[in-house]
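Q: Here it is, the structure, as structure tokens.
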Amino acid sequence: MSSTPATDSSPHRRPTPSPQYASTRLDVWTMMNQVSASVNAVNLGQGYMSFPPKDFIKAAAQHALVENSHNQYAPPRGRPALLRQVAQHFEEKLGRPIDPEAEVSVHAGANEALLSLFTAFLEHGKRHEVVLMEPAFDQYTPNIVMAGGIPVYVPLRVSSAVDPASAVVSSSDWRLDIAELEAAVNENTRILVLNTPHNPIGKVFAHDELAAIAAVAERHNLLVVSDEVYEHLTYATPHISIATLPGMWDRTVTVGSAGKLFGVTGWRVGWAVGPAHLIQPALSAHTRIVFTTNTPLQEGVAAAFQLAKENDFFSIQRAEYQHRRDRLMAIFDDVGLPYVVPDGAYYLLVNASSIPIPDDYLFPHFIEERGHNFKLVYFFIREFGVSGIPPTEFYSDAHKDLAKDYIRFAFCKTDEGLDDAEKRLQKLKTYLDTATIR
């Protein structure tokens, strides 16, 4: 007779997922892309480029793909050619020697670099905390939670000297209260995340702001994870890496991305740069998360770095993006909606508080349940044919009201796409004029 215990084979029993991933709620990107597609809107929502990479960048990848030696596993740290190029890039950027074999690691995009760092420096069950400045890129929080950490939020706030609902303001008007930051740090805090140039505000942190943040990090022995994926997209305001400040190299890891640097977000190649005692743990985590990053595109990025200088790529790219930024700002000037002038990155935060939504307007449940900002963006897409992203998705529940009147638009788009957006937004201009008369 078998001693195997009987099992319930009922078809109603199913494996139970972790509560963290059991939800089927749509992510904001998929949701707004679907709404946009349903009305054939001009998609200025998600930050992907609607134009191709430069020919020399595509050619670098094509050449790498046909090399027989580029089709097998890369070393977990990264391909030597790319490690050398990233090290050289950061030597120029940070003004110090970088050891490509100890102070650089290559990752499957900047996001995986962040996850590797959080995994390496946070422990499950220890209540380790990570301070995020809001608005914060929406991947930070789930990555921290996945690594066992607890996110703590400190918002950037618009200076009380300006009224963003009635006038154009600068991204530099969004300031961090250092006393509020200091109050958020305690004995459990392990990491402080900095994003400059900032998504979605476009703020480029000034030297005095970075110095104040650095002082907090040093007082409390914090690791600073500096997300600088938009490092080359700045307009007049110079980008400064916090790792260049006195004493900060030893406690900072700077994260970068080929996707943003070269306009190839689908390649998923990123990197982390910092002292060996910080990079090695992140590399150990990376080895267990994905083991390695795809070989041919690492080689393609390495070649793109070399060719970028020959083609004066970064200067040309910056001028092209400044043209797109100024074009989109002019469109909203004409419409009559104020916005935040970005000093970096490729997003425009538009204050849409003056757009009246009819009381009887019908919203689908998946929008209704997400609150006012999602309804504002949904209404904007459906009625005016241009899509954006609700920036409340970049906030914790406690601070969502700070962004409830804004819509984030991306200007990494073609001139034709911006022209189409301008034509469609004439309807909004008429709608606002009519609302004013009423």
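All residue names refer to the structure tokens as shown: chains lettered A, B, ... in order, residues numbered from 1 in each chain, ligands numbered from 1 in order.
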Would you list the contacts of segment 169-184 of chain A as a VMD selection string, taking every protein, DNA or RNA residue within 10 Å and counting only C-alpha atoms, but skipping same-chain residues closer than 4 positions in sequence?
A: chain A and resid 129 to 134 152 to 165 189 192 198 200 to 206 209 212 to 213 215 to 217 219 to 220 237 338 to 344 348 to 349
Q: At a cut-off of 6 Å, using only C-alpha atoms, what residues contact segment 408-411 of chain A? Leave out same-chain residues fewer than 2 positions from it and give the result as a VMD selection string.
A: chain A and resid 44 to 45 47 324 346 to 349 388 to 389 413
Q: Mind dumping a table of every segment 43-101 of chain A residue within 8 Å of segment 248-268 of chain A, with the nearest atom pair and its distance in Å to one decimal, using only C-alpha atoms, sorted by chain and rising number, as JSON lines?
A:
{"residue": "A:Tyr48", "atom": "CA", "partner": "A:Thr265", "partner_atom": "CA", "distance": 6.9}
{"residue": "A:Met49", "atom": "CA", "partner": "A:Gly263", "partner_atom": "CA", "distance": 6.7}
{"residue": "A:Pro52", "atom": "CA", "partner": "A:Gly263", "partner_atom": "CA", "distance": 7.9}
{"residue": "A:Pro53", "atom": "CA", "partner": "A:Gly263", "partner_atom": "CA", "distance": 5.8}
{"residue": "A:Ile57", "atom": "CA", "partner": "A:Phe262", "partner_atom": "CA", "distance": 7.5}
Q: Convert the current residue selection to file output with all heavy atoms, as a CSV table (one decimal), in the first residue's frame.
A:
chain,number,residue,atom,x,y,z
A,48,TYR,N,10.4,57.3,-26.0
A,48,TYR,CA,11.2,56.6,-27.1
A,48,TYR,C,11.4,57.6,-28.3
A,48,TYR,O,10.5,58.4,-28.5
A,48,TYR,CB,10.6,55.3,-27.5
A,48,TYR,CG,9.2,55.4,-28.1
A,48,TYR,CD1,9.1,55.7,-29.5
A,48,TYR,CD2,8.1,55.2,-27.3
A,48,TYR,CE1,7.8,55.8,-30.0
A,48,TYR,CE2,6.8,55.4,-27.9
A,48,TYR,CZ,6.7,55.7,-29.3
A,48,TYR,OH,5.5,55.8,-29.8
A,49,MET,N,12.4,57.4,-29.0
A,49,MET,CA,12.7,58.3,-30.2
A,49,MET,C,11.8,57.8,-31.4
A,49,MET,O,11.8,56.6,-31.7
A,49,MET,CB,14.2,58.2,-30.6
A,49,MET,CG,15.1,58.8,-29.5
A,49,MET,SD,15.3,57.7,-28.1
A,49,MET,CE,16.4,58.7,-27.0
A,52,PRO,N,15.2,57.5,-36.4
A,52,PRO,CA,16.2,56.5,-36.3
A,52,PRO,C,17.5,57.0,-35.7
A,52,PRO,O,17.8,58.2,-35.7
A,52,PRO,CB,16.4,56.0,-37.7
A,52,PRO,CG,16.1,57.2,-38.5
A,52,PRO,CD,14.9,57.9,-37.8
A,53,PRO,N,18.4,56.1,-35.2
A,53,PRO,CA,19.7,56.5,-34.8
A,53,PRO,C,20.5,57.0,-36.0
A,53,PRO,O,20.2,56.7,-37.1
A,53,PRO,CB,20.3,55.2,-34.2
A,53,PRO,CG,19.2,54.3,-34.0
A,53,PRO,CD,18.1,54.7,-35.0
A,57,ILE,N,25.9,54.9,-36.0
A,57,ILE,CA,25.6,54.1,-34.8
A,57,ILE,C,25.0,52.8,-35.3
A,57,ILE,O,25.3,51.7,-34.8
A,57,ILE,CB,24.6,54.9,-33.9
A,57,ILE,CG1,25.3,56.1,-33.4
A,57,ILE,CG2,24.1,54.0,-32.8
A,57,ILE,CD1,24.3,57.1,-32.6
Q: Report as an NGL selection string all protein, DNA and RNA residues lying within 12 Å of Phe379 of chain A, evaluated on only C-alpha atoms, omitting residues in the same chain fewer than 5 positions from it.
A: :A and (32 or 35-36 or 39 or 352 or 355-359 or 361-364 or 367-368 or 372-374 or 384-390 or 407 or 428)
Q: So that I have them on file, write out the residues from the current selection with N, CA, C and O atoms, as a compact mmCIF listing (two decimals), in the first residue's frame.
A:
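To be explicit, this is the file written out as part-v2.txt:
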# COMPACT_ATOMS: atom_id res chain seq x y z
N MET A 32 -1.45 54.34 -21.42
CA MET A 32 -1.57 55.56 -22.21
C MET A 32 -1.24 55.32 -23.68
O MET A 32 -1.79 55.99 -24.57
N VAL A 35 -4.55 54.03 -25.02
CA VAL A 35 -5.50 55.13 -25.19
C VAL A 35 -5.12 55.96 -26.41
O VAL A 35 -5.98 56.34 -27.23
N SER A 36 -3.83 56.23 -26.55
CA SER A 36 -3.34 57.00 -27.68
C SER A 36 -3.65 56.32 -29.01
O SER A 36 -4.16 56.94 -29.95
N VAL A 39 -7.31 56.44 -30.53
CA VAL A 39 -7.79 57.64 -31.23
C VAL A 39 -6.75 58.15 -32.23
O VAL A 39 -6.85 59.27 -32.72
N ALA A 352 -1.75 71.94 -16.85
CA ALA A 352 -3.04 71.92 -17.56
C ALA A 352 -4.21 72.19 -16.62
O ALA A 352 -5.35 71.80 -16.91
N ILE A 355 -7.60 73.61 -17.94
CA ILE A 355 -8.47 72.87 -18.86
C ILE A 355 -9.68 72.33 -18.10
O ILE A 355 -9.52 71.46 -17.22
N PRO A 356 -10.88 72.84 -18.38
CA PRO A 356 -12.06 72.34 -17.67
C PRO A 356 -12.52 71.00 -18.26
O PRO A 356 -12.57 70.84 -19.48
N ILE A 357 -12.82 70.05 -17.38
CA ILE A 357 -13.37 68.76 -17.81
C ILE A 357 -14.86 68.75 -17.44
O ILE A 357 -15.21 68.99 -16.28
N PRO A 358 -15.74 68.50 -18.40
CA PRO A 358 -17.18 68.50 -18.09
C PRO A 358 -17.51 67.52 -16.96
O PRO A 358 -16.94 66.42 -16.88
N ASP A 359 -18.42 67.91 -16.09
CA ASP A 359 -18.78 67.07 -14.94
C ASP A 359 -19.35 65.72 -15.36
O ASP A 359 -19.22 64.73 -14.64
N TYR A 361 -18.48 63.96 -18.03
CA TYR A 361 -17.59 63.25 -18.95
C TYR A 361 -17.38 61.82 -18.43
O TYR A 361 -17.14 61.61 -17.24
N LEU A 362 -17.48 60.85 -19.33
CA LEU A 362 -17.38 59.44 -18.93
C LEU A 362 -15.94 58.94 -19.06
O LEU A 362 -15.31 59.10 -20.11
N PHE A 363 -15.48 58.33 -18.00
CA PHE A 363 -14.14 57.73 -17.97
C PHE A 363 -14.25 56.23 -17.75
O PHE A 363 -15.10 55.78 -16.96
N PRO A 364 -13.39 55.43 -18.40
CA PRO A 364 -13.38 54.00 -18.11
C PRO A 364 -12.90 53.76 -16.68
O PRO A 364 -12.18 54.59 -16.11
N ILE A 367 -9.25 54.20 -15.65
CA ILE A 367 -8.81 55.59 -15.51
C ILE A 367 -9.39 56.21 -14.25
O ILE A 367 -8.69 56.86 -13.47
N GLU A 368 -10.69 56.00 -14.04
CA GLU A 368 -11.39 56.57 -12.89
C GLU A 368 -10.69 56.20 -11.58
O GLU A 368 -10.54 57.05 -10.69
N HIS A 372 -7.48 62.08 -10.39
CA HIS A 372 -7.68 63.26 -11.23
C HIS A 372 -6.64 63.37 -12.34
O HIS A 372 -6.98 63.69 -13.50
N ASN A 373 -5.37 63.16 -12.04
CA ASN A 373 -4.33 63.37 -13.04
C ASN A 373 -4.48 62.41 -14.23
O ASN A 373 -4.31 62.82 -15.39
N PHE A 374 -4.83 61.16 -13.97
CA PHE A 374 -5.06 60.21 -15.05
C PHE A 374 -6.27 60.63 -15.88
O PHE A 374 -6.28 60.50 -17.11
N PHE A 384 -8.10 66.01 -27.72
CA PHE A 384 -7.21 66.88 -28.49
C PHE A 384 -6.19 66.11 -29.34
O PHE A 384 -5.43 66.71 -30.09
N GLY A 385 -6.15 64.78 -29.19
CA GLY A 385 -5.38 63.95 -30.10
C GLY A 385 -3.88 63.99 -29.94
O GLY A 385 -3.14 63.67 -30.87
N VAL A 386 -3.41 64.38 -28.76
CA VAL A 386 -1.97 64.36 -28.46
C VAL A 386 -1.80 63.68 -27.11
O VAL A 386 -2.47 64.04 -26.13
N SER A 387 -0.93 62.68 -27.05
CA SER A 387 -0.82 61.91 -25.81
C SER A 387 0.35 62.37 -24.95
O SER A 387 1.38 62.84 -25.46
N GLY A 388 0.16 62.23 -23.64
CA GLY A 388 1.20 62.51 -22.67
C GLY A 388 1.13 61.45 -21.58
O GLY A 388 0.41 60.45 -21.69
N ILE A 389 1.87 61.69 -20.52
CA ILE A 389 1.93 60.76 -19.39
C ILE A 389 1.53 61.50 -18.12
O ILE A 389 1.97 62.64 -17.89
N PRO A 390 0.70 60.89 -17.26
CA PRO A 390 0.36 61.53 -15.97
C PRO A 390 1.53 61.44 -15.00
O PRO A 390 1.92 60.34 -14.58
N ILE A 407 0.88 67.46 -17.14
CA ILE A 407 1.00 66.40 -18.12
C ILE A 407 2.44 66.41 -18.62
O ILE A 407 2.99 67.49 -18.91
N LEU A 428 -7.45 72.55 -28.90
CA LEU A 428 -7.34 72.90 -27.48
C LEU A 428 -7.36 74.41 -27.31
O LEU A 428 -8.00 74.94 -26.38
Q: Given the choices A:Ala214, A:Ala120, A:Val350, A:Leu245, which gets closest to Leu94 of chain A if the distance is worked out from only C-alpha atoms?
A: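 Looking only at the distances to Leu94 of chain A, the closest residue turns out to be A:Leu245.
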Q: Taking 4 positions as the minimum chain separation for residues in the same chain, which residues sit within 6 Å of Val269 of chain A when counting only C-alpha atoms? Answer as a list in words.
A: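 My reading of the contact set: His107, Ala108, Gly109 and Ala258 of chain A.
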